[in-house]
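A.B. asks: Enclosed is the structure file work.cif (mmCIF, C-alpha atoms).
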data_start
#
loop_
_atom_site.label_atom_id
_atom_site.label_comp_id
_atom_site.auth_asym_id
_atom_site.auth_seq_id
_atom_site.Cartn_x
_atom_site.Cartn_y
_atom_site.Cartn_z
CA MET A 131 -103.60 10.35 -138.34
CA SER A 132 -100.30 9.31 -136.77
CA LEU A 133 -99.62 9.12 -133.06
CA THR A 134 -98.00 12.08 -131.35
CA ILE A 135 -97.06 11.62 -127.70
CA SER A 136 -96.67 14.80 -125.69
CA ALA A 137 -93.29 15.43 -124.10
CA GLU A 138 -94.82 15.28 -120.63
CA ARG A 139 -96.48 11.90 -121.26
CA ALA A 140 -93.35 10.52 -122.92
CA SER A 141 -91.33 11.57 -119.87
CA ARG A 142 -93.73 9.80 -117.50
CA ILE A 143 -93.61 6.61 -119.62
CA ALA A 144 -89.81 6.74 -119.76
CA ALA A 145 -89.70 7.00 -115.96
CA VAL A 146 -91.35 3.54 -115.72
CA ARG A 147 -88.09 2.20 -117.19
CA PHE A 148 -89.67 -0.68 -119.07
CA ASP A 149 -87.53 -1.87 -121.97
CA TYR A 150 -90.04 -3.43 -124.35
CA GLY A 151 -87.37 -4.16 -126.94
CA ALA A 152 -85.48 -6.33 -124.44
CA GLN A 153 -88.47 -8.58 -123.69
CA THR A 154 -88.65 -12.10 -125.07
CA ARG A 155 -91.16 -12.16 -127.90
CA GLN A 156 -92.56 -14.71 -130.29
CA ALA A 157 -93.78 -14.35 -133.86
CA ILE A 158 -97.31 -15.43 -134.78
CA ALA A 159 -97.42 -17.52 -137.96
CA ALA A 160 -101.11 -18.49 -137.99
CA CYS A 161 -104.25 -16.51 -137.15
CA ASN A 162 -105.67 -17.52 -133.78
CA LEU A 163 -109.21 -17.38 -135.16
CA CYS A 164 -109.15 -18.86 -138.66
CA GLY A 165 -105.66 -20.30 -139.11
CA GLY A 166 -104.86 -17.96 -142.00
CA SER A 167 -101.25 -16.96 -142.71
CA ARG A 168 -101.62 -13.76 -144.79
CA PHE A 169 -101.38 -10.67 -142.60
CA VAL A 170 -101.55 -6.91 -143.13
CA VAL A 171 -99.37 -4.65 -140.98
CA LEU A 172 -101.59 -1.91 -139.54
CA THR A 173 -99.11 -0.08 -137.34
CA HIS A 174 -95.51 -0.24 -136.16
CA ARG A 175 -96.03 1.57 -132.84
CA ASP A 176 -98.47 1.47 -129.96
CA ARG A 177 -99.98 4.27 -127.89
CA TYR A 178 -97.02 4.26 -125.45
CA GLY A 179 -94.55 4.77 -128.30
CA TYR A 180 -93.14 1.24 -128.13
CA ASP A 181 -92.13 -0.52 -131.35
CA ALA A 182 -95.10 -2.90 -131.36
CA GLU A 183 -96.60 -4.09 -134.65
CA ALA A 184 -100.30 -4.84 -134.99
CA HIS A 185 -101.23 -7.22 -137.81
CA ALA A 186 -104.63 -7.99 -139.31
CA CYS A 187 -105.54 -11.36 -140.77
CA ALA A 188 -106.42 -10.85 -144.44
CA ALA A 189 -108.91 -13.73 -144.29
CA CYS A 190 -111.06 -13.08 -141.21
CA GLY A 191 -110.05 -9.58 -140.05
CA LEU A 192 -108.70 -10.48 -136.59
CA VAL A 193 -106.12 -7.93 -135.33
CA PHE A 194 -103.28 -8.91 -132.99
CA LEU A 195 -99.78 -7.95 -131.88
CA ASN A 196 -97.10 -9.69 -133.92
CA PRO A 197 -94.65 -10.49 -132.53
CA ARG A 198 -95.90 -10.39 -128.96
CA MET A 199 -94.32 -11.03 -125.59
CA THR A 200 -94.15 -14.61 -124.32
CA ALA A 201 -96.24 -15.85 -121.42
CA ASP A 202 -93.27 -15.50 -119.04
CA ALA A 203 -92.63 -11.94 -120.20
CA TYR A 204 -96.30 -11.04 -119.75
CA GLY A 205 -96.23 -12.60 -116.29
CA ARG A 206 -93.41 -10.27 -115.28
CA PHE A 207 -95.17 -7.37 -116.98
CA TYR A 208 -98.34 -7.81 -114.93
CA ARG A 209 -96.44 -8.35 -111.68
CA GLY A 210 -94.67 -5.02 -111.74
CA VAL A 211 -95.08 -2.91 -114.89
CA TYR A 212 -98.69 -2.88 -116.06
CA ARG A 213 -100.32 -0.56 -113.52
CA PRO A 214 -97.37 1.91 -113.33
CA LEU A 215 -97.33 2.08 -117.14
CA VAL A 216 -101.07 2.76 -117.40
CA SER A 217 -100.72 5.35 -114.61
CA ALA A 218 -97.93 7.07 -116.52
CA PHE A 219 -100.01 7.14 -119.70
CA HIS A 220 -103.05 8.71 -118.00
CA GLY A 221 -101.10 10.94 -115.63
CA ARG A 222 -102.83 9.68 -112.49
CA ARG A 223 -102.37 6.87 -110.01
CA ILE A 224 -104.09 3.65 -111.12
CA ASP A 225 -103.48 0.64 -108.87
CA ALA A 226 -105.21 -2.14 -106.94
CA HIS A 227 -106.77 0.42 -104.56
CA THR A 228 -107.75 3.33 -106.81
CA ILE A 229 -109.49 1.21 -109.46
CA GLN A 230 -111.99 -0.32 -107.07
CA ALA A 231 -114.55 2.52 -107.18
CA GLU A 232 -114.67 2.29 -110.98
CA GLN A 233 -114.92 -1.50 -110.74
CA ARG A 234 -117.89 -1.23 -108.36
CA ASP A 235 -119.79 0.96 -110.82
CA TYR A 236 -118.98 -1.48 -113.61
CA ALA A 237 -120.14 -4.44 -111.47
CA VAL A 238 -123.52 -2.85 -110.75
CA GLU A 239 -124.11 -2.01 -114.41
CA ARG A 240 -123.09 -5.44 -115.74
CA ALA A 241 -125.04 -7.27 -113.03
CA ALA A 242 -128.19 -5.59 -114.29
CA PHE A 243 -127.35 -6.82 -117.81
CA ILE A 244 -126.67 -10.46 -116.89
CA GLY A 245 -129.13 -10.67 -113.96
CA PRO A 246 -132.15 -12.05 -115.87
CA PHE A 247 -130.05 -15.05 -116.92
CA LEU A 248 -128.68 -15.80 -113.43
CA THR A 249 -131.76 -15.36 -111.25
CA GLY A 250 -133.55 -18.55 -110.34
CA GLY A 251 -131.35 -20.79 -112.46
CA GLY A 252 -129.90 -22.85 -109.62
CA LEU A 253 -126.37 -21.72 -110.51
CA GLN A 254 -123.92 -21.93 -107.61
CA THR A 255 -120.27 -21.51 -108.62
CA MET A 256 -118.50 -18.77 -110.61
CA LEU A 257 -115.03 -18.28 -112.08
CA ASP A 258 -113.84 -14.74 -112.85
CA ILE A 259 -111.00 -14.88 -115.39
CA GLY A 260 -108.73 -11.85 -115.01
CA GLY A 261 -110.78 -10.90 -111.97
CA SER A 262 -108.34 -8.24 -110.71
CA THR A 263 -109.22 -7.05 -107.19
CA GLY A 264 -112.33 -9.23 -106.96
CA VAL A 265 -114.74 -6.30 -106.76
CA VAL A 266 -116.82 -7.53 -109.69
CA ALA A 267 -116.76 -11.19 -108.58
CA HIS A 268 -117.71 -10.19 -105.04
CA HIS A 269 -120.67 -8.14 -106.25
CA PHE A 270 -121.89 -10.93 -108.52
CA ALA A 271 -121.43 -13.52 -105.76
CA ARG A 272 -123.41 -11.45 -103.26
CA GLU A 273 -126.09 -10.41 -105.75
CA PHE A 274 -126.76 -13.88 -107.17
CA GLY A 275 -125.72 -16.20 -104.34
CA LEU A 276 -122.64 -17.59 -106.08
CA GLN A 277 -119.43 -19.01 -104.69
CA GLY A 278 -116.73 -17.03 -106.48
CA THR A 279 -113.20 -17.86 -107.63
CA VAL A 280 -110.84 -15.28 -109.14
CA ILE A 281 -107.81 -16.02 -111.33
CA ASP A 282 -105.46 -13.13 -112.16
CA PRO A 283 -101.71 -12.80 -112.84
CA ALA A 284 -101.20 -9.72 -110.63
CA PRO A 285 -100.35 -10.75 -107.02
CA LEU A 286 -101.32 -7.41 -105.43
CA GLU A 287 -104.75 -7.49 -107.03
CA VAL A 288 -105.29 -11.14 -106.10
CA GLU A 289 -104.48 -10.19 -102.51
CA GLU A 290 -107.29 -7.63 -102.60
CA ALA A 291 -109.69 -10.26 -103.99
CA ARG A 292 -108.80 -12.62 -101.16
CA ARG A 293 -110.00 -10.01 -98.64
CA PHE A 294 -113.52 -10.38 -100.05
CA GLY A 295 -113.51 -14.04 -99.05
CA LEU A 296 -113.16 -15.25 -102.62
CA ASP A 297 -111.14 -18.27 -103.67
CA THR A 298 -108.12 -17.00 -105.60
CA ILE A 299 -105.58 -18.28 -108.11
CA THR A 300 -102.50 -16.25 -109.03
CA GLY A 301 -101.47 -16.91 -112.63
CA LEU A 302 -102.49 -16.89 -116.27
CA VAL A 303 -105.60 -18.84 -117.22
CA GLU A 304 -103.74 -20.18 -120.27
CA GLU A 305 -101.33 -22.01 -117.95
CA HIS A 306 -103.43 -23.04 -114.93
CA ASP A 307 -104.60 -26.64 -114.61
CA PHE A 308 -108.20 -26.73 -113.34
CA GLY A 309 -108.29 -30.51 -113.33
CA ALA A 310 -111.85 -31.83 -113.30
CA ARG A 311 -113.36 -28.64 -111.82
CA GLN A 312 -116.41 -27.06 -113.41
CA PHE A 313 -118.15 -23.74 -112.79
CA ASP A 314 -121.77 -22.82 -113.39
CA VAL A 315 -120.84 -19.29 -114.44
CA VAL A 316 -117.67 -17.92 -116.04
CA ILE A 317 -117.13 -14.17 -116.43
CA ILE A 318 -114.35 -12.51 -118.45
CA CYS A 319 -114.70 -8.81 -117.68
CA GLN A 320 -112.57 -6.34 -119.66
CA THR A 321 -110.00 -9.12 -119.95
CA ILE A 322 -110.33 -11.05 -123.20
CA ASP A 323 -108.18 -8.50 -125.07
CA HIS A 324 -105.37 -9.34 -122.59
CA LEU A 325 -105.40 -13.09 -123.26
CA LEU A 326 -102.58 -14.78 -125.15
CA ASP A 327 -104.77 -17.44 -126.76
CA VAL A 328 -108.39 -16.34 -127.12
CA GLY A 329 -109.44 -19.46 -129.00
CA GLY A 330 -107.73 -21.79 -126.53
CA VAL A 331 -109.20 -20.04 -123.48
CA LEU A 332 -112.74 -20.12 -124.90
CA ALA A 333 -112.34 -23.84 -125.61
CA ARG A 334 -111.23 -24.35 -122.00
CA VAL A 335 -114.15 -22.28 -120.73
CA ARG A 336 -116.51 -24.46 -122.76
CA ALA A 337 -115.09 -27.51 -120.97
CA LEU A 338 -115.37 -25.79 -117.57
CA LEU A 339 -119.09 -25.08 -118.02
CA PRO A 340 -121.91 -27.60 -117.64
CA ALA A 341 -124.65 -27.68 -120.27
CA ARG A 342 -126.76 -25.21 -118.27
CA GLY A 343 -123.82 -22.89 -117.55
CA LEU A 344 -123.43 -19.25 -118.58
CA LEU A 345 -120.54 -17.22 -119.98
CA PHE A 346 -120.34 -13.44 -119.75
CA LEU A 347 -117.61 -11.45 -121.50
CA ASP A 348 -117.04 -8.06 -123.03
CA ILE A 349 -114.63 -6.58 -125.55
CA VAL A 350 -113.20 -3.21 -126.51
CA ASP A 351 -114.51 -2.86 -130.05
CA PHE A 352 -111.40 -2.16 -132.11
CA ARG A 353 -113.21 -0.30 -134.87
CA ALA A 354 -114.84 2.04 -132.35
CA ALA A 355 -111.48 2.53 -130.63
CA TYR A 356 -109.51 3.63 -133.69
CA LEU A 357 -112.34 5.70 -135.15
CA ARG A 358 -112.42 7.84 -132.01
CA GLN A 359 -109.15 9.48 -133.01
CA TRP A 360 -108.77 8.11 -136.55
CA SER A 361 -105.57 6.50 -135.31
CA VAL A 362 -104.75 2.82 -135.13
CA GLU A 363 -101.72 3.61 -132.97
CA ASP A 364 -103.93 5.20 -130.32
CA ALA A 365 -106.01 2.00 -130.17
CA VAL A 366 -103.04 -0.40 -129.92
CA LYS A 367 -101.15 -1.10 -126.68
CA ILE A 368 -98.73 -3.80 -125.60
CA ASP A 369 -101.07 -4.95 -122.80
CA HIS A 370 -103.65 -6.02 -125.42
CA PRO A 371 -102.34 -8.91 -127.57
CA PHE A 372 -105.72 -9.03 -129.39
CA TYR A 373 -108.12 -6.43 -130.89
CA LEU A 374 -111.66 -7.67 -131.41
CA THR A 375 -114.78 -6.51 -133.20
CA ASP A 376 -118.32 -7.83 -132.94
CA SER A 377 -117.84 -10.00 -136.02
CA THR A 378 -114.58 -11.60 -134.87
CA MET A 379 -115.87 -12.09 -131.31
CA VAL A 380 -119.06 -13.80 -132.47
CA ALA A 381 -116.99 -16.01 -134.80
CA TYR A 382 -114.78 -17.00 -131.84
CA LEU A 383 -117.83 -17.83 -129.70
CA ARG A 384 -119.48 -19.93 -132.39
CA ARG A 385 -116.29 -21.81 -133.07
CA ALA A 386 -115.85 -22.57 -129.35
CA GLY A 387 -119.40 -23.93 -129.13
CA PHE A 388 -121.41 -21.05 -127.66
CA ASP A 389 -124.75 -19.49 -128.54
CA VAL A 390 -125.04 -15.74 -127.90
CA LEU A 391 -128.19 -15.11 -125.84
CA ARG A 392 -127.84 -11.35 -125.60
CA ALA A 393 -125.42 -8.64 -126.76
CA ASP A 394 -125.20 -5.05 -125.62
CA ILE A 395 -123.26 -1.96 -126.69
CA ALA A 396 -122.21 0.01 -123.63
CA ARG A 397 -123.03 3.67 -123.10
CA ASP A 398 -119.46 4.61 -123.95
CA ARG A 399 -120.04 3.14 -127.45
CA LEU A 400 -116.68 1.38 -127.01
CA HIS A 401 -117.43 -1.85 -125.14
CA VAL A 402 -119.68 -4.70 -126.32
CA SER A 403 -120.97 -7.32 -123.85
CA TYR A 404 -122.21 -10.86 -124.49
CA VAL A 405 -124.17 -13.43 -122.47
CA CYS A 406 -123.65 -16.91 -123.87
CA ARG A 407 -124.67 -20.51 -123.24
CA PRO A 408 -123.04 -23.74 -124.43
CA ALA A 409 -124.53 -24.73 -127.76
CA GLU A 410 -125.96 -28.16 -128.43
CA SER A 411 -123.22 -30.75 -128.80
CA THR A 412 -123.92 -31.29 -132.50
CA ARG A 413 -123.35 -27.61 -133.17
CA ALA A 414 -120.49 -27.14 -130.72
CA THR A 415 -118.19 -29.50 -132.62
CA LYS A 416 -118.62 -27.73 -135.95
CA ALA A 417 -117.08 -24.39 -136.85
CA PRO A 418 -119.24 -21.86 -138.70
CA PRO A 419 -118.93 -22.05 -142.49
CA MET A 420 -116.58 -19.08 -142.85
CA ILE A 421 -114.19 -20.35 -140.19
CA ALA A 422 -114.26 -23.93 -141.42
CA ALA A 423 -113.49 -22.82 -144.96
CA ARG A 424 -110.63 -20.56 -143.89
CA THR A 425 -109.11 -23.17 -141.56
CA VAL A 426 -108.53 -25.71 -144.33
CA SER A 427 -106.04 -23.52 -146.17
CA PRO A 428 -105.37 -19.85 -146.84
CA PRO A 429 -107.26 -18.52 -149.86
CA PRO A 430 -105.13 -18.59 -153.02
CA ARG A 431 -104.00 -15.33 -154.55
CA ARG A 432 -106.04 -14.25 -157.54
CA THR A 433 -104.14 -13.67 -160.75
CA ARG A 434 -105.55 -11.69 -163.63
CA SER A 435 -104.11 -11.30 -167.09
CA ARG A 436 -103.56 -7.71 -168.20
CA PRO A 437 -105.88 -6.77 -171.09
CA ALA A 438 -104.15 -6.17 -174.42
CA GLY A 439 -106.08 -2.96 -175.05
CA PRO A 440 -108.45 -0.60 -173.26
CA PRO A 441 -111.56 -2.12 -171.64
CA THR A 442 -114.44 -2.58 -174.00
CA SER A 443 -117.20 -2.04 -171.45
CA SER A 444 -117.90 -0.14 -168.26
CA ARG A 445 -118.08 -3.43 -166.37
CA SER A 446 -114.60 -4.51 -167.45
CA ALA A 447 -113.31 -1.02 -166.64
CA ARG A 448 -114.66 -1.31 -163.11
CA SER A 449 -113.11 -4.78 -162.84
CA SER A 450 -109.72 -3.45 -163.94
CA ARG A 451 -109.84 -0.57 -161.48
CA SER A 452 -110.77 -2.89 -158.60
CA ALA A 453 -107.86 -5.29 -159.19
CA SER A 454 -105.90 -3.44 -156.50
CA ARG A 455 -107.19 -1.08 -153.83
CA THR A 456 -105.08 1.11 -151.56
CA TRP A 457 -106.42 2.39 -148.27
CA ALA A 458 -104.89 4.74 -145.71
CA TRP A 459 -104.34 3.56 -142.13
CA SER A 460 -102.97 6.31 -139.87
CA GLY A 461 -101.01 7.92 -142.65
CA ALA A 462 -99.57 4.70 -144.12
CA SER A 463 -100.85 3.22 -147.38
CA ARG A 464 -101.72 -0.47 -147.42
CA THR A 465 -102.65 -2.52 -150.48
CA TRP A 466 -104.85 -5.55 -149.82
CA PRO A 467 -106.12 -8.26 -152.16
CA PRO A 468 -109.57 -7.50 -153.62
CA GLY A 469 -112.31 -9.30 -151.69
CA SER A 470 -110.22 -9.79 -148.54
CA ALA A 471 -111.78 -9.14 -145.15
CA TRP A 472 -109.77 -5.95 -144.63
CA SER A 473 -110.56 -4.49 -148.05
CA ARG A 474 -114.25 -4.95 -147.23
CA ARG A 475 -113.79 -3.39 -143.78
CA SER A 476 -111.86 -0.46 -145.24
CA ARG A 477 -114.68 0.38 -147.63
CA ALA A 478 -117.06 0.39 -144.68
CA VAL A 479 -114.71 2.61 -142.63
CA HIS A 480 -114.22 5.18 -145.37
CA LYS A 481 -117.95 5.37 -146.01
CA ALA A 482 -118.65 5.95 -142.30
#
The structure in this file should be written as structure tokens.
C.D. replies:
Amino acid sequence: MSLTISAERASRIAAVRFDYGAQTRQAIAACNLCGGSRFVVLTHRDRYGYDAEAHACAACGLVFLNPRMTADAYGRFYRGVYRPLVSAFHGRRIDAHTIQAEQRDYAVERAAFIGPFLTGGGLQTMLDIGGSTGVVAHHFAREFGLQGTVIDPAPLEVEEARRFGLDTITGLVEEHDFGARQFDVVIICQTIDHLLDVGGVLARVRALLPARGLLFLDIVDFRAAYLRQWSVEDAVKIDHPFYLTDSTMVAYLRRAGFDVLRADIARDRLHVSYVCRPAESTRATKAPPMIAARTVSPPPRRTRSRPAGPPTSSRSARSSRSASRTWAWSGASRTWPPGSAWSRRSRAVHKA
């Protein structure tokens, strides 16, 4: 299914006057998760109609924009374009004031999920990465007796967070220098898909947490997102450099040195939440087997000699037929190497 944007929506998006093609972008040569260099192009457009390509790593299955805007370009995007663009897409006003009611409901629901791990643990300080207006951080701070700090690149939303009495930092977490500071709790709420370096940020978070610290984060499950409309384009947007699934998120967490204590699929069947704790030091320094194997070098291409005559058995016939598989993604045919992560995922999708 290919993306069709209504004339009314296209007109609203055009009125934002954001020239995506004019933004400074950088190409991604290596997968942020496994280091692989063989990618599959899933789509050439995003849900807004911009010419944004989403690639999938053929080794581990991670999906990401490629190329994507630079950190400076994203900084400008979040300062003045992001909320108007999302408002234009949905046809209603979405800004630092209107989103707070929805954020309060989210804060109450997620506090109930993480509460058993925060109560009575002697935890005192909290960092909210991508904390927006501070509604979630404020609720967590009040509910669990934490001193909260919010970091977010949008100045208007940081200003709202400051009104709650929270410490605030305006900027991207990838660029801010925390020095020797540590936090007992780090939360990344509906934000990790917006990061420019998921692996790097998780490694920094690991360093920011003491051994008894806790990490909470949630993702938009990419598979659930595109299966809703059977459209990859509908699930891709320039404000999300990364597209995660449970398998890629857990691989990221293990590689960064975290143990998952609890996972939860939200009622919308779209978001997945995780409560994590730093793993033991001996495990934190070692990537899981799949990641370690893929990081060394990309898997070599398999070559098979063509049989001189027809197969002599049903097994060899099946082997010949499976030498190349073609799967449809939003109307475009893609051929992936047999045994690759995306050929396995495609079989699962088409059986669903």
A.B. asks: Evaluate the PyMOL selection byres ((chain A and resi 167) around 10) here and jot the selected residues down as a list of chain:residue names.
C.D. replies: A:Ile158, A:Ala159, A:Ala160, A:Cys161, A:Asn162, A:Cys164, A:Gly165, A:Gly166, A:Arg168, A:Phe169, A:Cys187, A:Ala188, A:Ala189, A:Ser427, A:Pro428, A:Pro429
A.B. asks: Go through A:Ala242, A:Phe274, A:Ala201, A:Thr249 and flag the residue nearest A:Val303, using all atoms listed in the file for the distances.
C.D. replies: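 Residue with the minimum atom-to-atom distance to A:Val303: A:Ala201.
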A.B. asks: Around all the atoms of stretch 313-323 of chain A listed in the file, draw an axis-aligned box and extend it by 8 Å on each of the six sides; I want its centre and edge lengths in Å to one decimal, as JSON.
C.D. replies:
{"center_x": -115.0, "center_y": -15.0, "center_z": -118.9, "size_x": 29.6, "size_y": 33.4, "size_z": 28.3}
A.B. asks: Quick one: pull the distance between atom CA of A:Ala365 and atom CA of A:Tyr178, Å, one decimal.
C.D. replies: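 Taking atom CA of A:Ala365 and atom CA of A:Tyr178, their separation equals 10.4 Å.
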A.B. asks: Between A:Arg222, A:His269, A:Arg397, A:Arg336, which one has atoms that come closest to A:Tyr382, using only C-alpha atoms?
C.D. replies: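 Between A:Arg222, A:His269, A:Arg397, A:Arg336, the residue approaching A:Tyr382 most closely is A:Arg336.
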A.B. asks: Run the PyMOL selection byres ((chain A and resi 185) around 8) mentally over the shown coordinates, then write out the matched residues as a list in words, using the chain letters and numbers from the document.
C.D. replies: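 That selection, the PyMOL selection byres ((chain A and resi 185) around 8), comes back as Phe169, Val170, Val171, Leu172, Thr173, Glu183, Ala184, Ala186, Cys187, Val193, Phe194, Leu195 and Asn196 of chain A.
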A.B. asks: Let me make sure I understand: among A:Leu276, A:Ile224, A:Ile244, A:Ile318, which one has the smallest atom-to-atom distance to A:Gly260 if we use only C-alpha atoms?
C.D. replies: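 Counting only C-alpha atoms, the residue closest to A:Gly260 is A:Ile318.
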A.B. asks: As a list in words, please: the residues near stretch 341-355 of chain A (cut-off 6 Å, all atoms listed in the file, same-chain neighbours under 3 positions excluded).
C.D. replies: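 Here the answer would be Asp314, Val315, Val316, Ile317, Ile318, Cys319, Gln320, Arg358, Ala365, Tyr373, Leu374, Thr375, Leu400, His401, Val402, Ser403, Tyr404, Val405, Cys406, Arg407 and Pro408 of chain A.
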A.B. asks: Excluding A:Ala291 and its own-chain neighbours fewer than 2 positions away, which residues fall within 12 Å of it when counting all atoms listed in the file? Please give them as a count of residues only.
C.D. replies: 33
A.B. asks: So the first atom is atom CA of A:Ile259 and the second is atom CA of A:Ala241; what is the distance between them in Å, to one decimal place?
C.D. replies: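 These atoms are spaced 16.1 Å apart.
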A.B. asks: Would you compute the distance between atom CA of A:His220 and atom CA of A:Ala137? Give it in Å to one decimal.
C.D. replies: 13.3 Å
A.B. asks: Between A:Arg209, A:Glu305, A:Pro214, A:Phe270, single out the one closest to A:Gln233, counting only C-alpha atoms.
C.D. replies: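 The shortest atom-to-atom distance to A:Gln233 comes from A:Phe270.
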A.B. asks: Of the candidates A:Cys190, A:Val331, A:Ile368, A:Val216, which one gets nearest to A:Arg155 if we count all atoms listed in the file?
C.D. replies: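 Of A:Cys190, A:Val331, A:Ile368, A:Val216, the one nearest A:Arg155, counting all atoms listed in the file, is A:Ile368.
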A.B. asks: Evaluating the PyMOL selection byres ((chain A and resi 151) around 10) on the displayed file yields which residues, as a PyMOL selection string?
C.D. replies: chain A and resi 148-150+152-155+180-182+199
